[in-house]
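Have a look at work14.txt; it's compact mmCIF, C-alpha atoms:
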# COMPACT_ATOMS: atom_id res chain seq x y z
CA MET E 548 -30.06 -18.01 14.09
CA ARG E 549 -27.02 -19.16 15.99
CA ASN E 550 -26.12 -18.44 19.58
CA SER E 551 -25.42 -14.90 20.70
CA PRO E 552 -21.74 -14.21 21.46
CA GLY E 553 -22.11 -13.53 25.17
CA PRO E 554 -22.29 -17.05 26.68
CA LEU E 555 -19.62 -18.45 24.38
CA LEU E 556 -17.24 -15.63 25.13
CA ARG E 557 -17.79 -15.93 28.85
CA ARG E 558 -17.12 -19.68 28.73
CA ALA E 559 -14.01 -19.30 26.61
CA MET E 560 -12.66 -16.06 28.08
CA ALA E 561 -8.88 -16.05 27.85
CA GLY E 562 -7.93 -12.43 27.19
CA VAL E 563 -6.22 -9.79 29.26
CA LEU E 564 -7.47 -6.22 29.23
CA CYS E 565 -4.94 -3.40 29.30
CA LEU E 566 -6.55 0.04 29.26
CA ALA E 567 -4.33 2.78 27.89
CA ALA E 568 -4.59 6.01 25.96
CA LEU E 569 -3.51 5.62 22.36
CA ALA E 570 -0.54 7.91 22.91
CA ALA E 571 0.78 5.77 25.74
CA PRO E 572 3.28 2.92 25.26
CA VAL E 573 1.82 -0.26 23.82
CA CYS E 574 0.47 -2.77 26.31
CA ALA E 575 2.49 -5.87 26.98
CA GLU E 576 2.12 -8.76 24.56
CA ALA E 577 -1.47 -10.01 24.57
CA ALA E 578 -1.76 -12.94 26.93
CA VAL E 579 -4.56 -14.60 25.04
CA HIS E 580 -3.98 -17.84 26.94
CA ALA E 581 -4.34 -16.34 30.43
CA PRO E 582 -7.72 -16.45 32.21
CA SER E 583 -9.48 -13.16 32.81
CA THR E 584 -12.92 -11.84 33.65
CA ALA E 585 -12.11 -8.22 32.80
CA PRO E 586 -14.84 -6.18 31.06
CA PRO E 587 -14.42 -4.83 27.54
CA ALA E 588 -12.39 -1.65 27.06
CA ALA E 589 -13.93 1.77 27.56
CA GLU E 590 -15.23 3.57 24.47
CA ALA E 591 -14.76 7.00 22.91
CA ARG E 592 -16.61 8.79 20.10
CA ARG E 593 -13.40 9.95 18.43
CA LEU E 594 -9.87 8.55 18.62
CA PRO E 595 -7.24 10.70 16.87
CA PHE E 596 -4.72 8.70 14.85
CA THR E 597 -1.62 7.95 16.91
CA GLU E 598 1.45 5.88 16.20
CA ARG E 599 1.11 2.42 17.74
CA TYR E 600 4.38 0.80 16.65
CA ARG E 601 7.59 1.87 14.92
CA ALA E 602 10.82 0.08 14.02
CA THR E 603 13.70 0.36 11.58
CA GLN E 604 14.86 -3.16 10.81
CA HIS E 605 15.53 -5.68 8.07
CA GLY E 606 12.04 -7.00 7.43
CA GLY E 607 8.59 -5.71 6.60
CA ILE E 608 4.86 -5.80 7.33
CA VAL E 609 2.26 -8.31 6.11
CA ARG E 610 -1.44 -8.39 6.80
CA ALA E 611 -4.43 -10.74 6.67
CA ALA E 612 -8.03 -9.51 6.45
CA ASN E 613 -11.59 -10.61 5.80
CA ILE E 614 -15.24 -9.68 6.24
CA SER E 615 -17.89 -10.83 8.70
CA LEU E 616 -20.99 -10.08 6.56
CA THR E 617 -22.03 -10.31 2.93
CA CYS E 618 -25.22 -10.08 0.87
CA ARG E 619 -27.84 -12.79 1.18
CA ALA E 620 -28.26 -14.74 -2.07
CA THR E 621 -31.85 -15.92 -1.62
CA GLY E 622 -35.34 -14.58 -1.22
CA THR E 623 -35.52 -11.17 -2.98
CA ARG E 624 -35.06 -9.60 -6.39
CA ALA E 625 -31.81 -8.03 -5.16
CA ALA E 626 -30.58 -11.53 -4.33
CA ALA E 627 -30.33 -12.28 -8.05
CA SER E 628 -27.46 -9.80 -8.33
CA CYS E 629 -25.76 -10.84 -5.08
CA PRO E 630 -23.46 -13.49 -6.66
CA ALA E 631 -22.37 -10.99 -9.33
CA VAL E 632 -21.63 -8.35 -6.67
CA ARG E 633 -19.65 -10.83 -4.59
CA ALA E 634 -17.62 -11.60 -7.73
CA GLY E 635 -16.70 -7.91 -8.09
CA GLY E 636 -19.71 -6.20 -9.64
CA LYS E 637 -21.01 -2.83 -8.54
CA GLY E 638 -23.32 -2.85 -5.58
CA ILE E 639 -23.48 -1.40 -2.07
CA ASN E 640 -24.44 -2.93 1.25
CA GLY E 641 -27.49 -0.67 1.60
CA ASP E 642 -29.04 -2.39 -1.43
CA PHE E 643 -29.03 -5.85 0.15
CA ASP E 644 -30.27 -7.89 3.03
CA MET E 645 -26.91 -8.62 4.65
CA PHE E 646 -26.15 -11.84 6.51
CA TYR E 647 -23.23 -13.32 8.44
CA VAL E 648 -20.28 -15.11 6.88
CA ASP E 649 -19.66 -18.28 8.91
CA VAL E 650 -16.96 -20.69 7.71
CA ASP E 651 -15.89 -22.57 10.84
CA ARG E 652 -18.61 -25.28 11.13
CA ASP E 653 -18.91 -24.41 14.82
CA PRO E 654 -22.57 -24.18 15.93
CA ASN E 655 -21.57 -21.84 18.77
CA THR E 656 -20.38 -19.02 16.49
CA TYR E 657 -22.66 -16.84 14.44
CA ASN E 658 -19.96 -15.29 12.21
CA SER E 659 -16.45 -16.33 11.25
CA SER E 660 -13.98 -15.90 8.40
CA SER E 661 -10.36 -16.80 7.69
CA ALA E 662 -7.34 -15.24 6.00
CA ALA E 663 -3.69 -16.19 5.63
CA VAL E 664 -0.61 -14.55 7.10
CA ARG E 665 2.35 -15.19 4.78
CA LEU E 666 5.74 -14.53 6.36
CA PRO E 667 9.00 -14.97 4.41
CA GLU E 668 11.01 -17.97 5.54
CA GLY E 669 13.33 -17.17 8.41
CA SER E 670 11.21 -14.30 9.75
CA GLN E 671 10.71 -13.38 13.40
CA VAL E 672 7.49 -11.58 14.34
CA THR E 673 8.25 -8.35 16.21
CA TYR E 674 4.69 -7.02 16.57
CA ALA E 675 1.15 -8.07 15.61
CA ARG E 676 -2.19 -6.39 16.16
CA LEU E 677 -5.74 -7.46 15.34
CA TYR E 678 -8.34 -4.83 14.38
CA TRP E 679 -12.06 -5.55 14.11
CA GLY E 680 -15.22 -3.47 13.73
CA GLY E 681 -18.72 -3.19 12.37
CA ASN E 682 -22.07 -1.44 12.28
CA LEU E 683 -24.37 -2.27 15.20
CA ARG E 684 -27.57 -0.73 13.78
CA VAL E 685 -29.11 -2.24 10.65
CA GLY E 686 -32.22 -4.46 10.46
CA GLU E 687 -31.39 -5.34 14.06
CA GLN E 688 -29.62 -3.45 16.86
CA LYS E 689 -26.65 -5.19 18.48
CA PRO E 690 -25.71 -4.20 22.05
CA PRO E 691 -22.31 -2.49 22.23
CA LYS E 692 -21.23 -4.44 25.33
CA ASP E 693 -19.49 -7.03 23.12
CA ASN E 694 -17.62 -4.57 20.87
CA GLY E 695 -14.35 -5.24 22.68
CA ARG E 696 -14.59 -9.05 22.54
CA VAL E 697 -13.72 -11.43 19.72
CA LEU E 698 -12.58 -15.02 19.15
CA VAL E 699 -9.37 -15.82 17.26
CA ALA E 700 -7.87 -19.16 16.19
CA GLU E 701 -4.31 -19.59 14.92
CA PRO E 702 -3.50 -22.00 12.05
CA GLY E 703 -4.62 -25.45 13.16
CA GLY E 704 -5.64 -24.13 16.59
CA THR E 705 -8.85 -23.62 18.54
CA TYR E 706 -10.61 -20.42 19.47
CA LYS E 707 -9.21 -18.16 22.17
CA ALA E 708 -11.22 -15.23 23.46
CA LEU E 709 -9.52 -11.89 23.07
CA LEU E 710 -10.33 -8.54 24.68
CA ALA E 711 -9.53 -5.12 23.29
CA ASP E 712 -6.54 -3.72 25.17
CA THR E 713 -7.09 -0.02 24.41
CA LEU E 714 -9.95 2.43 23.96
CA VAL E 715 -12.65 1.30 21.56
CA GLY E 716 -13.81 3.85 18.98
CA HIS E 717 -17.62 4.01 18.91
CA ARG E 718 -19.83 6.61 17.26
CA VAL E 719 -23.53 6.81 16.35
CA THR E 720 -24.18 9.06 13.35
CA HIS E 721 -26.12 9.23 10.06
CA GLY E 722 -28.08 6.05 10.78
CA ALA E 723 -24.99 3.97 11.61
CA ASP E 724 -23.68 2.76 14.97
CA ALA E 725 -20.03 2.18 14.14
CA TYR E 726 -17.08 0.96 16.15
CA GLN E 727 -13.54 -0.39 15.92
CA ALA E 728 -11.60 -2.35 18.55
CA SER E 729 -8.09 -3.81 18.59
CA ALA E 730 -5.72 -5.97 20.61
CA ASP E 731 -2.05 -6.92 20.67
CA VAL E 732 -1.63 -10.53 19.47
CA THR E 733 2.16 -10.57 19.11
CA LYS E 734 2.67 -13.64 21.27
CA LEU E 735 0.04 -15.68 19.44
CA VAL E 736 1.32 -14.86 15.95
CA ARG E 737 4.99 -15.20 16.92
CA GLU E 738 4.36 -18.71 18.21
CA SER E 739 2.03 -19.73 15.35
CA GLY E 740 3.68 -18.18 12.30
CA SER E 741 2.28 -18.34 8.78
CA GLY E 742 -1.08 -19.87 7.91
CA LEU E 743 -4.83 -19.31 8.04
CA TYR E 744 -6.11 -17.33 11.02
CA THR E 745 -9.84 -17.37 11.80
CA VAL E 746 -11.70 -14.57 13.57
CA ALA E 747 -15.24 -15.06 14.89
CA GLN E 748 -17.98 -13.33 16.88
CA ILE E 749 -17.36 -9.82 15.55
CA ASN E 750 -20.18 -7.75 17.01
CA ALA E 751 -22.01 -6.50 13.89
CA ALA E 752 -25.68 -6.35 12.96
CA MET E 753 -27.21 -8.11 9.99
CA GLY E 754 -30.22 -7.02 7.95
CA ARG E 755 -30.98 -4.13 5.63
CA SER E 756 -31.03 -0.36 6.05
CA THR E 757 -29.93 2.79 4.25
CA ALA E 758 -26.74 2.85 6.34
CA GLY E 759 -26.03 -0.77 5.41
CA ALA E 760 -24.53 -3.65 7.34
CA TRP E 761 -20.75 -4.13 7.35
CA GLY E 762 -18.00 -5.62 9.44
CA GLY E 763 -14.57 -7.21 9.19
CA TRP E 764 -11.11 -7.67 10.63
CA THR E 765 -7.44 -7.04 9.76
CA LEU E 766 -4.37 -8.62 11.32
CA VAL E 767 -1.21 -6.50 10.86
CA VAL E 768 2.12 -8.28 11.42
CA ALA E 769 5.59 -6.68 11.53
CA TYR E 770 8.54 -9.02 11.14
CA GLU E 771 12.33 -9.02 11.14
CA ASN E 772 14.32 -10.99 8.57
CA PRO E 773 18.06 -10.65 7.94
CA ASP E 774 17.62 -11.46 4.23
CA ARG E 775 15.26 -8.51 3.67
CA PRO E 776 16.16 -4.86 2.99
CA LEU E 777 16.41 -2.31 5.81
CA ARG E 778 12.94 -0.79 6.21
CA HIS E 779 11.08 1.84 8.20
CA LEU E 780 7.97 0.18 9.68
CA SER E 781 5.14 2.13 11.28
CA LEU E 782 1.59 1.32 12.41
CA TRP E 783 -0.97 4.00 13.28
CA ASP E 784 -4.56 3.63 14.46
CA GLY E 785 -7.55 5.63 15.61
CA PHE E 786 -11.23 6.00 14.80
CA ASP E 787 -12.66 9.06 13.15
CA ALA E 788 -15.23 10.05 10.53
CA LEU E 789 -13.59 10.91 7.22
CA ASN E 790 -15.79 13.88 6.38
CA SER E 791 -14.28 15.82 9.29
CA ARG E 792 -12.52 19.13 8.72
CA PRO E 793 -9.61 19.42 8.32
CA PRO E 794 -9.10 16.14 6.41
CA GLN E 795 -7.47 13.19 8.16
CA GLU E 796 -3.69 13.59 7.89
CA ILE E 797 -0.99 11.32 9.28
CA ARG E 798 2.60 12.53 9.24
CA LEU E 799 5.61 10.25 9.82
CA GLY E 800 8.77 12.17 10.65
CA GLY E 801 12.34 11.22 11.48
CA LEU E 802 12.74 8.98 8.42
CA ARG E 803 15.76 8.43 6.19
CA LEU E 804 14.24 7.74 2.78
CA PRO E 805 16.61 6.93 -0.11
CA ARG E 806 15.97 8.27 -3.59
CA ASN E 807 13.95 5.93 -5.81
CA GLY E 808 13.15 3.65 -2.89
CA THR E 809 10.24 1.26 -2.67
CA GLY E 810 7.46 1.10 -0.15
CA ARG E 811 3.86 0.25 0.64
CA ALA E 812 1.06 1.67 2.75
CA GLY E 813 -1.89 -0.28 4.14
CA LEU E 814 -5.27 1.24 5.01
CA VAL E 815 -8.24 -0.09 7.01
CA ALA E 816 -11.52 1.78 6.56
CA TYR E 817 -15.24 1.19 7.06
CA ASP E 818 -18.43 1.78 5.05
CA GLY E 819 -16.84 2.52 1.69
CA ASP E 820 -19.16 1.90 -1.27
CA ARG E 821 -18.01 0.74 -4.69
CA GLY E 822 -18.89 3.19 -7.44
CA ARG E 823 -19.43 6.20 -5.16
CA THR E 824 -16.61 8.60 -5.94
CA GLY E 825 -15.30 11.48 -3.84
CA ASP E 826 -12.69 9.80 -1.64
CA SER E 827 -8.93 9.87 -2.18
CA PHE E 828 -5.70 8.77 -0.50
CA THR E 829 -2.53 10.80 -1.13
CA VAL E 830 1.05 10.85 0.12
CA SER E 831 3.77 13.47 -0.04
CA THR E 832 7.44 13.72 0.96
CA GLY E 833 7.73 17.47 0.55
CA ARG E 834 5.85 20.69 -0.07
CA ASP E 835 5.76 20.30 -3.84
CA SER E 836 5.14 16.57 -4.11
CA ASN E 837 1.74 14.95 -3.83
CA THR E 838 1.03 11.45 -5.16
CA VAL E 839 -2.49 10.05 -5.43
CA LEU E 840 -2.59 6.37 -4.44
CA ALA E 841 -4.86 3.81 -6.04
CA GLY E 842 -5.22 0.08 -5.53
CA PRO E 843 -5.34 -2.56 -8.23
CA ALA E 844 -9.13 -2.81 -8.01
CA GLY E 845 -10.26 0.81 -7.96
CA PRO E 846 -9.95 4.32 -9.41
CA ARG E 847 -8.06 7.12 -7.70
CA ASP E 848 -11.28 8.93 -6.70
CA ASP E 849 -12.94 5.84 -5.21
CA VAL E 850 -10.30 4.51 -2.86
CA LEU E 851 -12.95 3.30 -0.38
CA ASN E 852 -14.42 0.83 -2.84
CA SER E 853 -15.11 -2.26 -0.69
CA THR E 854 -11.98 -4.27 -1.44
CA ILE E 855 -9.35 -6.36 0.28
CA SER E 856 -6.49 -5.90 -2.17
CA GLU E 857 -2.71 -5.80 -2.37
CA ALA E 858 -0.91 -3.87 -5.11
CA GLY E 859 2.14 -5.54 -6.59
CA ALA E 860 1.49 -8.96 -5.03
CA PRO E 861 -1.21 -11.65 -4.95
CA THR E 862 -3.69 -11.11 -2.14
CA PRO E 863 -3.17 -13.80 0.53
CA GLU E 864 -5.70 -16.61 0.74
CA ARG E 865 -9.10 -15.76 2.25
CA VAL E 866 -12.16 -17.86 3.11
CA PRO E 867 -14.50 -16.64 1.73
CA SER E 868 -12.71 -14.58 -0.92
CA TYR E 869 -15.33 -12.15 -2.24
CA ALA E 870 -14.08 -9.39 -4.54
CA ASN E 871 -16.67 -6.86 -3.37
CA THR E 872 -16.59 -6.77 0.41
CA LEU E 873 -19.67 -4.53 0.71
CA GLY E 874 -18.53 -1.88 3.14
CA TYR E 875 -15.13 -3.05 4.39
CA ASP E 876 -11.74 -1.93 3.03
CA SER E 877 -8.33 -3.35 3.89
CA ASP E 878 -5.97 -2.39 1.07
CA VAL E 879 -2.22 -2.23 0.46
CA PHE E 880 -0.92 0.43 -1.94
CA GLU E 881 2.45 0.73 -3.70
CA LEU E 882 4.01 4.14 -2.98
CA GLY E 883 5.88 4.08 -6.29
CA ASN E 884 6.90 7.51 -7.57
CA ALA E 885 6.11 9.14 -4.24
CA LEU E 886 9.55 8.00 -3.02
CA ARG E 887 11.60 9.08 -6.04
CA ASP E 888 13.13 12.13 -4.31
CA GLY E 889 13.76 10.51 -0.92
CA GLY E 890 13.32 12.71 2.13
CA ASP E 891 12.86 12.64 5.88
CA HIS E 892 9.09 12.33 6.25
CA LEU E 893 5.88 10.99 4.75
CA ALA E 894 2.51 12.73 5.00
CA PHE E 895 -0.65 10.77 4.22
CA ARG E 896 -4.03 12.41 3.65
CA LEU E 897 -7.34 10.57 3.42
CA VAL E 898 -10.37 12.55 2.22
CA SER E 899 -13.98 11.44 1.84
CA GLN E 900 -17.14 13.32 0.90
CA ARG E 901 -19.35 10.60 2.39
CA ASP E 902 -21.76 11.25 5.24
CA ALA E 903 -20.53 8.21 7.16
CA ALA E 904 -17.17 6.52 6.57
CA TRP E 905 -14.45 5.82 9.10
CA ALA E 906 -10.70 5.25 9.08
CA GLY E 907 -9.29 2.69 11.49
CA ALA E 908 -5.64 1.88 10.82
CA LEU E 909 -2.68 2.75 8.59
CA PHE E 910 0.64 0.93 8.25
CA VAL E 911 3.74 1.93 6.32
CA ASP E 912 6.64 -0.25 5.12
CA VAL E 913 9.34 1.72 3.22
CA ASP E 914 13.03 1.47 2.35
CA ALA E 915 15.43 3.09 4.82
CA ARG E 916 18.72 4.71 3.85
CA GLN E 917 21.65 2.61 5.06

Encoding of this model in structure tokens:
Amino acid sequence: MRNSPGPLLRRAMAGVLCLAALAAPVCAEAAVHAPSTAPPAAEARRLPFTERYRATQHGGIVRAANISLTCRATGTRAAASCPAVRAGGKGINGDFDMFYVDVDRDPNTYNSSSAAVRLPEGSQVTYARLYWGGNLRVGEQKPPKDNGRVLVAEPGGTYKALLADTLVGHRVTHGADAYQASADVTKLVRESGSGLYTVAQINAAMGRSTAGAWGGWTLVVAYENPDRPLRHLSLWDGFDALNSRPPQEIRLGGLRLPRNGTGRAGLVAYDGDRGRTGDSFTVSTGRDSNTVLAGPAGPRDDVLNSTISEAGAPTPERVPSYANTLGYDSDVFELGNALRDGGDHLAFRLVSQRDAAWAGALFVDVDARQ
């Protein structure tokens, strides 16, 4: 097994910690190049969803995402089905001995994966945020002290240590020890632009248990571009179990939505299992309208189906690029008919009947009335 993350992170530490409540203004741009010895952010069992960023501008939102664990393809009967599951077959993380994805050829990292940010030519990044999370309790138990630390490398660059700049969501329940952390990386992405970003040292446990091993990351990037339509852009985040009552609902007000407009919504969630129905994602613009959203790779009653997908567009490059992500969802949905009547708000509702599944982030990118 490769080195634990602690020594490497301490040697490479280059993040700045900015503690703030989620409802407070966003911290200053992440100074990932500045030296710091600050500890990881404080943790909370439940973080209500709160708006992190909003803008109305010519432009849009793109995202890159990938996993930090997958099934192990050797040694057991279940391993025989691992390649088929990676290719998109049914299977859940609790059925497998899960092991780290590690693509960087760096002996000092024990997990790493890459994914591409694709910005339209002529774009200027206005905001970027990296989310990461995992399960700490599987065949092994990972200490939570490193939940708020991660390594990130821009296209063609070297690793920079990054610290969470806000409260970390962390909850132990139903056999899982789950968390999500995040940090502002606007400066890094603005300077680096499009290309493959690599994220390493996500604190997640490997092994096998009923709760299953899972972990991954999503980089959300808002941009301005004069050649693009005028859009409402919004990014929300939090950390909460999805079987809570009442269901998780996020309401965006103060919008000017044209009739028959276009738009997309992106969702980051944890511990969704392919083939286990009972979870749905809906949006409405008024009392009488309610549209059920579904991605290109899953039914409407299994929205948390272990995918990294993008409706209406090719999914950006990922390394590795497994179709079944075994417990990690980062999906982009077309809003389609939900916008046919226009309006002044959007209300999203995410429901799950699972014992243990968590929502982490939601972004919205919709046409604005001129």

Legend entry - Best match for closeness to Asp724 (chain E) among E:Pro691, E:Gly890, E:Gly833, E:Gly800, counting all atoms listed in the file: E:Pro691

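Between Gly695 (chain E) and the residues E:Val715, E:Ile614, E:Leu782, E:Val839, the shortest atom-to-atom distance, using all atoms listed in the file, involves E:Val715.
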
Legend entry - Contacts of Asn772 (chain E) at 6 Å (all atoms listed in the file; same-chain gap of 6+ positions) as a VMD selection string: chain E and resid 605 to 606 670

Inset, instruction - May I ask for the distance between CA of Gly716 (chain E) and CA of Gly907 (chain E), given in Å to one decimal place? - result: 8.8 Å

Legend entry - Contacts of Pro863 (chain E) at 8 Å (only C-alpha atoms; same-chain gap of 4+ positions) as a PyMOL selection string: chain E and resi 611+662-665

Legend entry - For CA of Ile855 (chain E) and CA of Ser660 (chain E), the interatomic separation in Å (one decimal):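 CA of Ile855 (chain E) sits 13.4 Å away from CA of Ser660 (chain E).
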
Would you place a box with edges along x, y and z of the file around all atoms of region 693-706 of chain E listed there, add 8 Å to each of its six sides, and report the centre and edge lengths in Å to one decimal, as lines of an AutoDock Vina configuration file?
center_x = -11.5
center_y = -15.0
center_z = 17.6
size_x = 32.0
size_y = 36.9
size_z = 27.1

Inset, instruction - Excluding Ala769 (chain E) and residues on its chain fewer than 5 positions from it, collect all residues at most 6 Å away from it, counting all atoms listed in the file, and give them as a list in words. - result: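 So, after excluding close chain neighbours, the residues are Gly607, Ile608, Val672, Thr673 and Tyr674 of chain E.
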
Inset, instruction - May I ask which of the residues E:Arg803, E:His892, E:Lys689, E:Arg633 is the closest one to Thr832 (chain E), counting only C-alpha atoms? - result: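 Distance minimum relative to Thr832 (chain E) lands on E:His892.
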
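The closest residue to Gly680 (chain E), picked from E:Arg755, E:Arg718, E:Lys707, E:Arg737 and counting all atoms listed in the file, is E:Arg718.
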
Legend entry - Nearest to Val746 (chain E) by atom-to-atom distance, counting only C-alpha atoms, from E:Ala612, E:Ala812, E:Leu780, E:Leu802: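 Closest candidate: E:Ala612.
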
Legend entry - Nearest candidate to Asp914 (chain E) (options E:Thr733, E:Ser756, E:Asn658, E:Thr809; using only C-alpha atoms):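 Closest to Asp914 (chain E), using only C-alpha atoms: E:Thr809.
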
Quick one: residues within 8 Å of region 698-702 of chain E, only C-alpha atoms, excluding same-chain residues fewer than 4 positions away - as a PDB file with C-alpha atoms, in the coordinates of the input?
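Dumped everything to out_26.pdb:
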ATOM      1  CA  LEU E 556     -17.240 -15.630  25.130  1.00  0.00           C
ATOM      2  CA  TYR E 706     -10.610 -20.420  19.470  1.00  0.00           C
ATOM      3  CA  LYS E 707      -9.210 -18.160  22.170  1.00  0.00           C
ATOM      4  CA  ALA E 708     -11.220 -15.230  23.460  1.00  0.00           C
ATOM      5  CA  LEU E 709      -9.520 -11.890  23.070  1.00  0.00           C
ATOM      6  CA  LEU E 735       0.040 -15.680  19.440  1.00  0.00           C
ATOM      7  CA  VAL E 736       1.320 -14.860  15.950  1.00  0.00           C
ATOM      8  CA  SER E 739       2.030 -19.730  15.350  1.00  0.00           C
ATOM      9  CA  SER E 741       2.280 -18.340   8.780  1.00  0.00           C
ATOM     10  CA  GLY E 742      -1.080 -19.870   7.910  1.00  0.00           C
ATOM     11  CA  LEU E 743      -4.830 -19.310   8.040  1.00  0.00           C
ATOM     12  CA  TYR E 744      -6.110 -17.330  11.020  1.00  0.00           C
ATOM     13  CA  THR E 745      -9.840 -17.370  11.800  1.00  0.00           C
ATOM     14  CA  VAL E 746     -11.700 -14.570  13.570  1.00  0.00           C
ATOM     15  CA  ALA E 747     -15.240 -15.060  14.890  1.00  0.00           C
ATOM     16  CA  GLN E 748     -17.980 -13.330  16.880  1.00  0.00           C
ATOM     17  CA  ILE E 749     -17.360  -9.820  15.550  1.00  0.00           C
TER      18      ILE E 749
END
